[in-house]
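Participant: Okay, here's the structure, questions in a sec.
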Amino acid sequence: MNQADSAYIFLATHEGAPEIEVTHNWDEREYTNGDNFGHFAFRVDNIYAQCDTFIQAGIEILRPPRDGHMAFVKDPNNISIELLQNGEDLEPIEPWISMENIGSW
């Protein structure tokens, strides 16, 4: 595959900030989990509230934020998305402390 077979978009919050490259490959290749990239990670203002919003939308929390710091979900393409608490970790609370991991991430 060469560059003519792909479209690239680079996203950043501001000039000089870290970028995310989003690529669309026009070829007929099928991608499987693990044949593309690792995962995205996003900082959120309240990891408990964000995970609760995901649960209300029917999204499974694969690795709950038991520590008030980190959680994992997957997008519809089965790609892991890491959520990280912005700033200081939140105090561990229920129901998150007792939640089990589900599947893989």
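A note on labels: chains of the structure tokens are A, B, ... as shown, every chain counts residues from 1, and ligands are counted from 1 in their shown order.
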Got a sec: who's within 7 Å of Asn86 of chain A, counting only C-alpha atoms, leaving out chain neighbours fewer than 5 positions off, as a list in words?
Facilitator: Arg43, Val44 and Asp45 of chain A
Participant: Find the residues near Trp105 of chain A: any atom within 7 Å, counting only C-alpha atoms, skip ones fewer than 2 places away on the same chain, and give them as a list in words.
Facilitator: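 After dropping sequence-adjacent residues, the list is Leu62, Phe72, Ser80 and Gly103 of chain A.
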Participant: Can you work out which one of A:Cys51, A:Met99, A:Ala57, A:Leu90 has the shortest atom-to-atom distance to Ala71 of chain A, counting only C-alpha atoms?
Facilitator: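 Using only C-alpha atoms, Ala71 of chain A sits closest to A:Cys51.
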Participant: Considering only C-alpha atoms, can you say which of A:Lys74, A:His39, A:His69, A:His14 comes closest to Ile93 of chain A?
Facilitator: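 The shortest atom-to-atom distance to Ile93 of chain A comes from A:His69.
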Participant: Go through A:Glu88, A:Tyr48, A:Ala17, A:Glu100 and flag the residue nearest Pro65 of chain A, using only C-alpha atoms for the distances.
Facilitator: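 The shortest atom-to-atom distance to Pro65 of chain A comes from A:Tyr48.
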Participant: What gap, in Å, lies between atom CA of Glu94 of chain A and atom CA of Arg66 of chain A?
Facilitator: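 Taking atom CA of Glu94 of chain A and atom CA of Arg66 of chain A, their separation equals 8.3 Å.
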Participant: What's the 12 Å shell around Val73 of chain A, counting only C-alpha atoms, without same-chain residues fewer than 5 positions away, as a VMD selection string?
Facilitator: chain A and resid 39 to 42 50 to 52 54 to 55 58 to 65 78 to 84 101 to 105
Participant: Using atom CA of Pro18 of chain A and atom CA of Gly68 of chain A as the two end points, give the distance in Å to one decimal.
Facilitator: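 Computing the Euclidean distance for atom CA of Pro18 of chain A and atom CA of Gly68 of chain A yields 24.9 Å.
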Participant: Enter the distance from atom CA of Trp96 of chain A to atom CA of Gln56 of chain A, in Å, rounded to one decimal.
Facilitator: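 Straight-line distance from atom CA of Trp96 of chain A to atom CA of Gln56 of chain A works out to 14.8 Å.
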